[in-house]
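Here's upload-v3.pdb, which has PDB, C-alpha atoms, pLDDT in the B column:
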ATOM      1  CA  MET A 226      -6.069  -6.182 -96.735  1.00 94.00           C
ATOM      2  CA  LYS A 227      -6.929  -6.829-100.381  1.00 97.00           C
ATOM      3  CA  VAL A 228      -4.232  -6.578-103.056  1.00 98.00           C
ATOM      4  CA  LEU A 229      -4.770  -6.565-106.810  1.00 98.00           C
ATOM      5  CA  ALA A 230      -1.645  -8.047-108.410  1.00 98.00           C
ATOM      6  CA  ILE A 231      -0.535  -7.855-112.041  1.00 97.00           C
ATOM      7  CA  GLU A 232       1.990 -10.170-113.719  1.00 96.00           C
ATOM      8  CA  THR A 233       2.950  -9.436-117.347  1.00 95.00           C
ATOM      9  CA  ALA A 234       6.630 -10.413-117.502  1.00 94.00           C
ATOM     10  CA  THR A 235       5.912 -13.226-119.969  1.00 92.00           C
ATOM     11  CA  ILE A 236       3.280 -13.938-122.593  1.00 88.00           C
ATOM     12  CA  ALA A 237       1.443 -15.994-119.958  1.00 87.00           C
ATOM     13  CA  GLY A 238       0.191 -12.976-118.051  1.00 91.00           C
ATOM     14  CA  SER A 239      -2.010 -13.164-114.981  1.00 95.00           C
ATOM     15  CA  ILE A 240      -3.885 -11.041-112.476  1.00 97.00           C
ATOM     16  CA  ALA A 241      -5.027 -11.936-108.992  1.00 98.00           C
ATOM     17  CA  ILE A 242      -6.813 -10.611-105.942  1.00 98.00           C
ATOM     18  CA  VAL A 243      -5.203 -11.721-102.684  1.00 98.00           C
ATOM     19  CA  ASP A 244      -6.507 -11.070 -99.181  1.00 97.00           C
ATOM     20  CA  ASP A 245      -4.150 -11.339 -96.210  1.00 93.00           C
ATOM     21  CA  SER A 246      -6.869 -13.008 -94.122  1.00 92.00           C
ATOM     22  CA  LYS A 247      -8.799 -15.034 -96.714  1.00 91.00           C
ATOM     23  CA  GLY A 248      -5.921 -15.915 -99.039  1.00 94.00           C
ATOM     24  CA  LEU A 249      -6.415 -16.074-102.793  1.00 97.00           C
ATOM     25  CA  ILE A 250      -9.781 -14.662-103.824  1.00 97.00           C
ATOM     26  CA  GLY A 251      -9.300 -15.201-107.548  1.00 97.00           C
ATOM     27  CA  GLU A 252      -6.736 -15.422-110.316  1.00 97.00           C
ATOM     28  CA  VAL A 253      -6.862 -15.234-114.104  1.00 94.00           C
ATOM     29  CA  ARG A 254      -3.893 -16.782-115.904  1.00 90.00           C
ATOM     30  CA  VAL A 255      -3.901 -17.209-119.692  1.00 83.00           C
ATOM     31  CA  ASP A 256      -1.017 -18.388-121.877  1.00 76.00           C
ATOM     32  CA  VAL A 257      -2.052 -17.217-125.347  1.00 69.00           C
ATOM     33  CA  LYS A 258      -0.418 -15.098-128.029  1.00 69.00           C
ATOM     34  CA  VAL A 259      -2.598 -12.053-127.477  1.00 63.00           C
ATOM     35  CA  VAL A 260      -0.788  -8.887-126.400  1.00 70.00           C
ATOM     36  CA  HIS A 261      -1.288  -7.746-122.809  1.00 72.00           C
ATOM     37  CA  ALA A 262      -2.505  -4.351-124.036  1.00 72.00           C
ATOM     38  CA  GLU A 263      -5.598  -6.093-125.429  1.00 78.00           C
ATOM     39  CA  ARG A 264      -6.429  -8.504-122.608  1.00 83.00           C
ATOM     40  CA  LEU A 265      -5.168  -6.976-119.374  1.00 92.00           C
ATOM     41  CA  MET A 266      -7.967  -4.492-118.634  1.00 93.00           C
ATOM     42  CA  PRO A 267     -10.807  -6.847-119.686  1.00 92.00           C
ATOM     43  CA  SER A 268      -9.280  -9.544-117.453  1.00 94.00           C
ATOM     44  CA  ILE A 269      -9.096  -7.175-114.483  1.00 96.00           C
ATOM     45  CA  GLU A 270     -12.695  -6.078-115.038  1.00 96.00           C
ATOM     46  CA  TRP A 271     -13.869  -9.700-115.277  1.00 95.00           C
ATOM     47  CA  LEU A 272     -11.980 -10.770-112.146  1.00 97.00           C
ATOM     48  CA  LEU A 273     -13.310  -7.884-110.048  1.00 97.00           C
ATOM     49  CA  LYS A 274     -16.870  -8.567-111.180  1.00 96.00           C
ATOM     50  CA  SER A 275     -16.612 -12.347-110.730  1.00 96.00           C
ATOM     51  CA  SER A 276     -15.030 -11.952-107.289  1.00 96.00           C
ATOM     52  CA  GLN A 277     -17.656  -9.381-106.281  1.00 96.00           C
ATOM     53  CA  VAL A 278     -14.898  -6.986-105.273  1.00 96.00           C
ATOM     54  CA  LEU A 279     -15.169  -3.268-105.986  1.00 96.00           C
ATOM     55  CA  ILE A 280     -12.055  -1.406-107.098  1.00 94.00           C
ATOM     56  CA  GLY A 281     -12.566   0.882-104.092  1.00 95.00           C
ATOM     57  CA  GLU A 282     -12.162  -2.144-101.801  1.00 97.00           C
ATOM     58  CA  ILE A 283      -8.616  -2.782-103.047  1.00 97.00           C
ATOM     59  CA  ASP A 284      -6.121  -1.595-100.418  1.00 97.00           C
ATOM     60  CA  ALA A 285      -2.969  -1.811-102.538  1.00 97.00           C
ATOM     61  CA  PHE A 286      -1.756  -2.744-106.000  1.00 97.00           C
ATOM     62  CA  ALA A 287       1.172  -5.014-106.778  1.00 98.00           C
ATOM     63  CA  VAL A 288       3.080  -5.482-110.002  1.00 98.00           C
ATOM     64  CA  SER A 289       5.763  -7.821-111.270  1.00 97.00           C
ATOM     65  CA  ILE A 290       8.608  -5.509-112.348  1.00 97.00           C
ATOM     66  CA  GLY A 291      10.970  -7.934-114.074  1.00 96.00           C
ATOM     67  CA  PRO A 292      13.113  -9.197-115.487  1.00 97.00           C
ATOM     68  CA  GLY A 293      11.034 -10.274-118.449  1.00 95.00           C
ATOM     69  CA  SER A 294       9.475  -8.995-121.650  1.00 93.00           C
ATOM     70  CA  PHE A 295      10.257  -5.284-121.988  1.00 94.00           C
ATOM     71  CA  THR A 296       6.874  -4.518-123.558  1.00 92.00           C
ATOM     72  CA  GLY A 297       4.949  -6.691-121.116  1.00 93.00           C
ATOM     73  CA  LEU A 298       6.620  -5.101-118.104  1.00 95.00           C
ATOM     74  CA  ARG A 299       5.874  -1.594-119.346  1.00 95.00           C
ATOM     75  CA  ILE A 300       2.209  -2.431-119.905  1.00 94.00           C
ATOM     76  CA  GLY A 301       1.840  -4.038-116.492  1.00 95.00           C
ATOM     77  CA  LEU A 302       3.588  -1.220-114.662  1.00 96.00           C
ATOM     78  CA  SER A 303       1.731   1.584-116.433  1.00 95.00           C
ATOM     79  CA  THR A 304      -1.590  -0.116-115.696  1.00 96.00           C
ATOM     80  CA  ALA A 305      -0.699  -0.615-112.038  1.00 97.00           C
ATOM     81  CA  LYS A 306       0.458   2.996-111.744  1.00 96.00           C
ATOM     82  CA  GLY A 307      -2.807   4.211-113.240  1.00 96.00           C
ATOM     83  CA  PHE A 308      -4.848   2.291-110.681  1.00 96.00           C
ATOM     84  CA  SER A 309      -2.567   3.397-107.836  1.00 96.00           C
ATOM     85  CA  PHE A 310      -2.758   7.091-108.715  1.00 95.00           C
ATOM     86  CA  ALA A 311      -6.500   7.047-109.413  1.00 95.00           C
ATOM     87  CA  ALA A 312      -7.372   5.162-106.219  1.00 94.00           C
ATOM     88  CA  LYS A 313      -4.675   6.894-104.126  1.00 95.00           C
ATOM     89  CA  LYS A 314      -3.530   3.498-102.878  1.00 96.00           C
ATOM     90  CA  PRO A 315       0.028   2.097-102.521  1.00 96.00           C
ATOM     91  CA  LEU A 316       1.820   0.398-105.406  1.00 97.00           C
ATOM     92  CA  VAL A 317       4.182  -2.434-104.462  1.00 97.00           C
ATOM     93  CA  PRO A 318       6.847  -3.702-106.924  1.00 97.00           C
ATOM     94  CA  VAL A 319       7.789  -7.375-106.746  1.00 97.00           C
ATOM     95  CA  GLN A 320      10.718  -8.908-108.583  1.00 97.00           C
ATOM     96  CA  THR A 321       9.450 -11.449-111.092  1.00 97.00           C
ATOM     97  CA  LEU A 322      11.807 -14.329-110.359  1.00 98.00           C
ATOM     98  CA  ASP A 323      11.250 -14.004-106.591  1.00 97.00           C
ATOM     99  CA  ALA A 324       7.504 -14.431-107.098  1.00 97.00           C
ATOM    100  CA  PHE A 325       8.035 -17.189-109.652  1.00 97.00           C
ATOM    101  CA  ALA A 326      10.214 -19.266-107.305  1.00 97.00           C
ATOM    102  CA  ARG A 327       7.611 -18.847-104.580  1.00 95.00           C
ATOM    103  CA  THR A 328       5.178 -21.000-106.550  1.00 96.00           C
ATOM    104  CA  LEU A 329       7.234 -23.959-105.234  1.00 96.00           C
ATOM    105  CA  PRO A 330       7.220 -23.343-101.453  1.00 94.00           C
ATOM    106  CA  PHE A 331       9.003 -25.763 -99.105  1.00 95.00           C
ATOM    107  CA  CYS A 332      10.841 -27.340-102.035  1.00 95.00           C
ATOM    108  CA  SER A 333      13.724 -29.478-100.757  1.00 95.00           C
ATOM    109  CA  LEU A 334      15.758 -28.935-103.915  1.00 97.00           C
ATOM    110  CA  MET A 335      17.363 -25.796-105.283  1.00 98.00           C
ATOM    111  CA  VAL A 336      14.957 -23.883-107.549  1.00 98.00           C
ATOM    112  CA  CYS A 337      15.916 -22.204-110.825  1.00 98.00           C
ATOM    113  CA  PRO A 338      13.348 -20.069-112.679  1.00 98.00           C
ATOM    114  CA  MET A 339      14.402 -19.411-116.284  1.00 98.00           C
ATOM    115  CA  LEU A 340      12.707 -16.910-118.584  1.00 97.00           C
ATOM    116  CA  ASP A 341      13.615 -16.627-122.252  1.00 96.00           C
ATOM    117  CA  ALA A 342      15.651 -13.436-122.695  1.00 96.00           C
ATOM    118  CA  ARG A 343      16.233 -14.016-126.420  1.00 92.00           C
ATOM    119  CA  LYS A 344      19.681 -13.498-127.971  1.00 93.00           C
ATOM    120  CA  ASN A 345      20.553 -17.020-126.741  1.00 96.00           C
ATOM    121  CA  GLU A 346      20.218 -15.951-123.103  1.00 97.00           C
ATOM    122  CA  VAL A 347      17.843 -16.511-120.213  1.00 98.00           C
ATOM    123  CA  TYR A 348      16.874 -14.438-117.211  1.00 98.00           C
ATOM    124  CA  ALA A 349      17.606 -16.687-114.263  1.00 98.00           C
ATOM    125  CA  ALA A 350      18.312 -16.860-110.542  1.00 98.00           C
ATOM    126  CA  LEU A 351      18.909 -19.639-108.025  1.00 98.00           C
ATOM    127  CA  TYR A 352      16.954 -20.090-104.785  1.00 98.00           C
ATOM    128  CA  ARG A 353      16.915 -22.396-101.794  1.00 97.00           C
ATOM    129  CA  TRP A 354      14.024 -22.688 -99.330  1.00 95.00           C
ATOM    130  CA  GLU A 355      15.077 -22.027 -95.742  1.00 92.00           C
ATOM    131  CA  ASN A 356      12.675 -21.860 -92.823  1.00 85.00           C
ATOM    132  CA  ASP A 357       9.699 -19.899 -94.188  1.00 83.00           C
ATOM    133  CA  HIS A 358      11.195 -18.118 -97.189  1.00 87.00           C
ATOM    134  CA  PHE A 359      13.398 -18.508-100.251  1.00 92.00           C
ATOM    135  CA  LEU A 360      17.047 -17.581 -99.933  1.00 95.00           C
ATOM    136  CA  LYS A 361      18.434 -16.150-103.169  1.00 96.00           C
ATOM    137  CA  ILE A 362      21.799 -17.838-103.721  1.00 96.00           C
ATOM    138  CA  MET A 363      22.412 -16.408-107.195  1.00 97.00           C
ATOM    139  CA  PRO A 364      20.905 -12.994-108.041  1.00 97.00           C
ATOM    140  CA  GLU A 365      18.928 -12.304-111.201  1.00 97.00           C
ATOM    141  CA  THR A 366      21.075 -12.191-114.297  1.00 97.00           C
ATOM    142  CA  ALA A 367      20.904 -12.388-118.080  1.00 97.00           C
ATOM    143  CA  ILE A 368      23.066 -15.385-118.898  1.00 97.00           C
ATOM    144  CA  SER A 369      23.626 -17.985-121.601  1.00 97.00           C
ATOM    145  CA  PRO A 370      22.015 -21.321-120.717  1.00 98.00           C
ATOM    146  CA  GLU A 371      25.412 -22.999-121.140  1.00 98.00           C
ATOM    147  CA  GLU A 372      26.992 -20.743-118.500  1.00 98.00           C
ATOM    148  CA  LEU A 373      23.995 -21.169-116.192  1.00 98.00           C
ATOM    149  CA  MET A 374      24.349 -24.949-116.302  1.00 98.00           C
ATOM    150  CA  LYS A 375      27.980 -24.619-115.167  1.00 97.00           C
ATOM    151  CA  ARG A 376      26.767 -22.922-111.983  1.00 97.00           C
ATOM    152  CA  ILE A 377      24.515 -25.831-111.014  1.00 97.00           C
ATOM    153  CA  ASN A 378      26.167 -28.892-109.454  1.00 95.00           C
ATOM    154  CA  GLU A 379      23.300 -30.439-107.496  1.00 97.00           C
ATOM    155  CA  PRO A 380      19.683 -31.523-108.050  1.00 98.00           C
ATOM    156  CA  VAL A 381      17.555 -28.562-109.086  1.00 98.00           C
ATOM    157  CA  VAL A 382      13.941 -27.864-110.049  1.00 98.00           C
ATOM    158  CA  LEU A 383      13.823 -25.873-113.277  1.00 98.00           C
ATOM    159  CA  MET A 384      10.815 -23.807-114.296  1.00 98.00           C
ATOM    160  CA  GLY A 385       9.823 -21.310-116.957  1.00 97.00           C
ATOM    161  CA  GLU A 386       9.775 -20.854-120.714  1.00 95.00           C
ATOM    162  CA  GLY A 387      13.583 -20.935-120.852  1.00 96.00           C
ATOM    163  CA  THR A 388      13.439 -24.456-119.445  1.00 96.00           C
ATOM    164  CA  LYS A 389      11.254 -25.545-122.343  1.00 94.00           C
ATOM    165  CA  LYS A 390      13.355 -23.830-124.988  1.00 96.00           C
ATOM    166  CA  TYR A 391      16.669 -25.285-123.810  1.00 98.00           C
ATOM    167  CA  ARG A 392      15.484 -28.656-122.504  1.00 96.00           C
ATOM    168  CA  ASP A 393      17.884 -30.715-124.619  1.00 97.00           C
ATOM    169  CA  LEU A 394      20.848 -28.635-123.506  1.00 97.00           C
ATOM    170  CA  ILE A 395      19.747 -28.910-119.861  1.00 98.00           C
ATOM    171  CA  ALA A 396      19.339 -32.675-120.077  1.00 97.00           C
ATOM    172  CA  GLU A 397      22.797 -33.079-121.554  1.00 97.00           C
ATOM    173  CA  ALA A 398      24.464 -30.758-119.014  1.00 97.00           C
ATOM    174  CA  LEU A 399      22.678 -31.810-115.806  1.00 98.00           C
ATOM    175  CA  GLY A 400      21.504 -35.354-116.461  1.00 97.00           C
ATOM    176  CA  ASP A 401      19.658 -36.769-113.436  1.00 97.00           C
ATOM    177  CA  ASN A 402      20.192 -33.531-111.487  1.00 98.00           C
ATOM    178  CA  ALA A 403      17.560 -31.846-113.670  1.00 98.00           C
ATOM    179  CA  CYS A 404      14.005 -31.923-112.336  1.00 98.00           C
ATOM    180  CA  TYR A 405      11.170 -30.026-113.958  1.00 97.00           C
ATOM    181  CA  ALA A 406       8.257 -28.166-112.403  1.00 97.00           C
ATOM    182  CA  PRO A 407       4.775 -29.398-113.380  1.00 95.00           C
ATOM    183  CA  PRO A 408       2.972 -27.560-116.212  1.00 93.00           C
ATOM    184  CA  SER A 409       0.891 -25.500-113.764  1.00 92.00           C
ATOM    185  CA  ARG A 410       4.124 -24.117-112.265  1.00 94.00           C
ATOM    186  CA  MET A 411       5.881 -23.330-115.544  1.00 95.00           C
ATOM    187  CA  THR A 412       4.654 -19.722-115.708  1.00 94.00           C
ATOM    188  CA  PRO A 413       4.812 -16.878-113.163  1.00 95.00           C
ATOM    189  CA  SER A 414       1.747 -16.278-111.019  1.00 96.00           C
ATOM    190  CA  ALA A 415       0.112 -12.998-110.031  1.00 97.00           C
ATOM    191  CA  ALA A 416      -1.094 -14.725-106.870  1.00 97.00           C
ATOM    192  CA  THR A 417       2.443 -15.060-105.516  1.00 97.00           C
ATOM    193  CA  VAL A 418       3.168 -11.472-106.620  1.00 98.00           C
ATOM    194  CA  GLY A 419       0.286 -10.447-104.377  1.00 98.00           C
ATOM    195  CA  GLU A 420       1.474 -12.632-101.488  1.00 97.00           C
ATOM    196  CA  LEU A 421       4.956 -11.116-101.574  1.00 96.00           C
ATOM    197  CA  ALA A 422       3.483  -7.626-101.816  1.00 97.00           C
ATOM    198  CA  ILE A 423       1.514  -8.178 -98.611  1.00 97.00           C
ATOM    199  CA  GLU A 424       4.700  -9.286 -96.856  1.00 95.00           C
ATOM    200  CA  LEU A 425       6.509  -6.163 -98.055  1.00 95.00           C
ATOM    201  CA  ILE A 426       3.671  -3.941 -96.864  1.00 95.00           C
ATOM    202  CA  ASN A 427       3.658  -5.648 -93.457  1.00 94.00           C
ATOM    203  CA  ASP A 428       7.427  -5.099 -93.259  1.00 93.00           C
ATOM    204  CA  GLY A 429       6.825  -1.382 -93.711  1.00 91.00           C
ATOM    205  CA  ILE A 430       8.569  -1.143 -97.086  1.00 87.00           C
ATOM    206  CA  GLU A 431       7.319   1.855 -99.073  1.00 83.00           C
ATOM    207  CA  THR A 432       7.845   2.730-102.742  1.00 88.00           C
ATOM    208  CA  ASP A 433       7.616   5.962-104.698  1.00 89.00           C
ATOM    209  CA  ALA A 434       5.172   4.886-107.392  1.00 89.00           C
ATOM    210  CA  ALA A 435       6.006   7.840-109.645  1.00 88.00           C
ATOM    211  CA  ALA A 436       9.694   6.908-109.754  1.00 90.00           C
ATOM    212  CA  LEU A 437       9.107   3.173-110.165  1.00 94.00           C
ATOM    213  CA  ALA A 438      10.625   1.647-113.319  1.00 94.00           C
ATOM    214  CA  PRO A 439      10.826  -1.903-114.682  1.00 95.00           C
ATOM    215  CA  PHE A 440      13.758  -4.082-113.631  1.00 95.00           C
ATOM    216  CA  TYR A 441      15.139  -4.886-117.078  1.00 94.00           C
ATOM    217  CA  ILE A 442      18.668  -6.145-116.101  1.00 91.00           C
ATOM    218  CA  ARG A 443      19.973  -5.342-119.565  1.00 77.00           C
ATOM    219  CA  LYS A 444      19.292  -2.512-121.994  1.00 65.00           C
ATOM    220  CA  SER A 445      16.650  -2.824-124.689  1.00 54.00           C
ATOM    221  CA  GLU A 446      17.606  -3.224-128.334  1.00 51.00           C
ATOM    222  CA  ALA A 447      16.439   0.336-129.005  1.00 47.00           C
ATOM    223  CA  GLU A 448      18.696   1.691-126.236  1.00 50.00           C
ATOM    224  CA  MET A 449      21.697  -0.236-127.506  1.00 45.00           C
ATOM    225  CA  GLN A 450      21.163   1.002-131.059  1.00 48.00           C
ATOM    226  CA  TRP A 451      20.775   4.576-129.779  1.00 42.00           C
ATOM    227  CA  ASN A 452      24.035   4.307-127.840  1.00 46.00           C
ATOM    228  CA  LYS A 453      25.831   3.049-130.941  1.00 48.00           C
ATOM    229  CA  LYS A 454      24.562   5.978-132.988  1.00 53.00           C
ATOM    230  CA  SER A 455      25.447   8.437-130.212  1.00 54.00           C
ATOM    231  CA  ARG A 456      29.032   7.193-130.159  1.00 52.00           C
TER
END
Could I get this file's structure written as structure tokens?
Amino acid sequence: MKVLAIETATIAGSIAIVDDSKGLIGEVRVDVKVVHAERLMPSIEWLLKSSQVLIGEIDAFAVSIGPGSFTGLRIGLSTAKGFSFAAKKPLVPVQTLDAFARTLPFCSLMVCPMLDARKNEVYAALYRWENDHFLKIMPETAISPEELMKRINEPVVLMGEGTKKYRDLIAEALGDNACYAPPSRMTPSAATVGELAIELINDGIETDAAALAPFYIRKSEAEMQWNKKSR
């Protein structure tokens, strides 16, 4: 089974082709300030051509649905839906922080992915590796970094753009309990999105692609302004 996975929750977007028997066929991950609308399709085209995989050979599509950048998530999901509808193949949603944490398998410490949510908040969750999977011990939430630090009282591996932005605050709050993922694990990966998607497919989990929406956690600025005007 070949899965084409799309990850656009942060500026460091990526795409990957994962095969359940061969493993990772290829991945493109670029952390540059170029909008996903401009680079996503060319990256997919390049990866398919370089991997010598035809779009008709893809058995399913996977997409990171959030939390993360509202615009990035919409672009990723709309692209994945387009491929799914055109190819008449399944579309599998994968929660961004679940896939992000998975880039550190078998980690003996608690893992905390942190994405910058702006407005002095981060999107974060807490995980612990047990047996062959991550156990989510704090669900995804939009939270101030100060409040997040209060919920951590043991050694933890921190990862993500939020970790970089609030590093001084983290160091002061956690001291020696703060460990940091290496640079190659500081951004989400489409490869792990694809791996999780294969597991979901094998578990028989199905999704209505037409009804699928991004997992924002909180309302967008436009929605909040609209609600204010409506009241």
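The nearest approach to Ile236 (chain A) among the residues A:Ile377, A:Ile395, A:Ala367, A:Ala262, with all atoms listed in the file taken into account, belongs to A:Ala262.
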Neighbour list for Lys314 (chain A) as a ChimeraX atom specification, cut-off 9 Å, all atoms listed in the file, skip fewer than 4 positions in-chain:
/A:283-286,308-310
List the neighbours of Ser303 (chain A) out to 10 Å using all atoms listed in the file; skip same-chain residues closer than 6 positions along the sequence, and give me the result as a list in words.
Val288, Ser309, Leu437, Ala438 and Pro439 of chain A
Using only C-alpha atoms, which residue out of A:Ala350, A:Ala435, A:Ile280, A:Ala416 lies closest to Arg254 (chain A)?
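Looking only at the distances to Arg254 (chain A), the closest residue turns out to be A:Ala416.
Pairwise distance (CA of Ala436 (chain A), CA of Pro364 (chain A)) equals 22.9 Å.
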Counting only C-alpha atoms, what is within 7 Å of Val347 (chain A), bar same-chain residues fewer than 5 positions away, as a ChimeraX atom specification?
/A:339-342,367-370,387
In Å, how far is it from CA of Ala305 (chain A) to CA of Asp244 (chain A)?
17.6 Å
Coordinates-based distance that separates CA of Arg343 (chain A) from CA of Leu298 (chain A) (Å, one decimal)
15.5 Å
Distance criterion (all atoms listed in the file): nearest to Cys337 (chain A) out of A:Gly307, A:Gly291, A:Gly385, A:Pro315
A:Gly385
Spell out the residues picked by the PyMOL selection byres ((chain A and resi 403) around 9) here, as a list of chain:residue names.
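Written out, the selection comes to A:Glu379, A:Pro380, A:Val381, A:Val382, A:Leu383, A:Ile395, A:Ala396, A:Ala398, A:Leu399, A:Gly400, A:Asp401, A:Asn402, A:Cys404, A:Tyr405.
Considering the residues A:Glu424, A:Leu373, A:Glu270, A:Phe331 and counting all atoms listed in the file, Asp357 (chain A) has its shortest atom-to-atom contact with A:Phe331.
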From the list A:Leu425, A:Cys332, A:Ala326, A:Val243, which residue is nearest Leu351 (chain A) when using only C-alpha atoms?
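Of all the options, A:Ala326 lies closest to Leu351 (chain A).
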For the file shown, report as a list in words the outcome of the PyMOL selection byres ((chain A and resi 276) around 12) at residue level.
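With the PyMOL selection byres ((chain A and resi 276) around 12) on this model, the match is Lys227, Leu229, Ala241, Ile242, Val243, Asp244, Leu249, Ile250, Gly251, Glu252, Val253, Ser268, Ile269, Glu270, Trp271, Leu272, Leu273, Lys274, Ser275, Gln277, Val278, Leu279, Ile280, Glu282 and Ile283 of chain A.
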So for region 331-341 of chain A, what box centre and size do we get, axis-aligned, 4 Å extra on each of the six sides, every listed atom, Å to one decimal, as AutoDock Vina command-line options?
--center_x 13.2 --center_y -23.1 --center_z -110.7 --size_x 16.4 --size_y 20.9 --size_z 31.1
Among listed residues A:Ile442, A:Ala230, A:Met411, A:Leu316, nearest Thr388 (chain A) (using all atoms listed in the file):
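The closest residue to Thr388 (chain A) is A:Met411.
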Please check which residues have atoms at most 7 Å from (3.1, -16.2, -113.9) in the file's coordinates, counting all atoms listed in the file, and write them as a list in words.
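Here is the list of nearby residues: Glu232, Ala237, Gly238, Ser239, Phe325, Thr412, Pro413, Ser414 and Ala415 of chain A.
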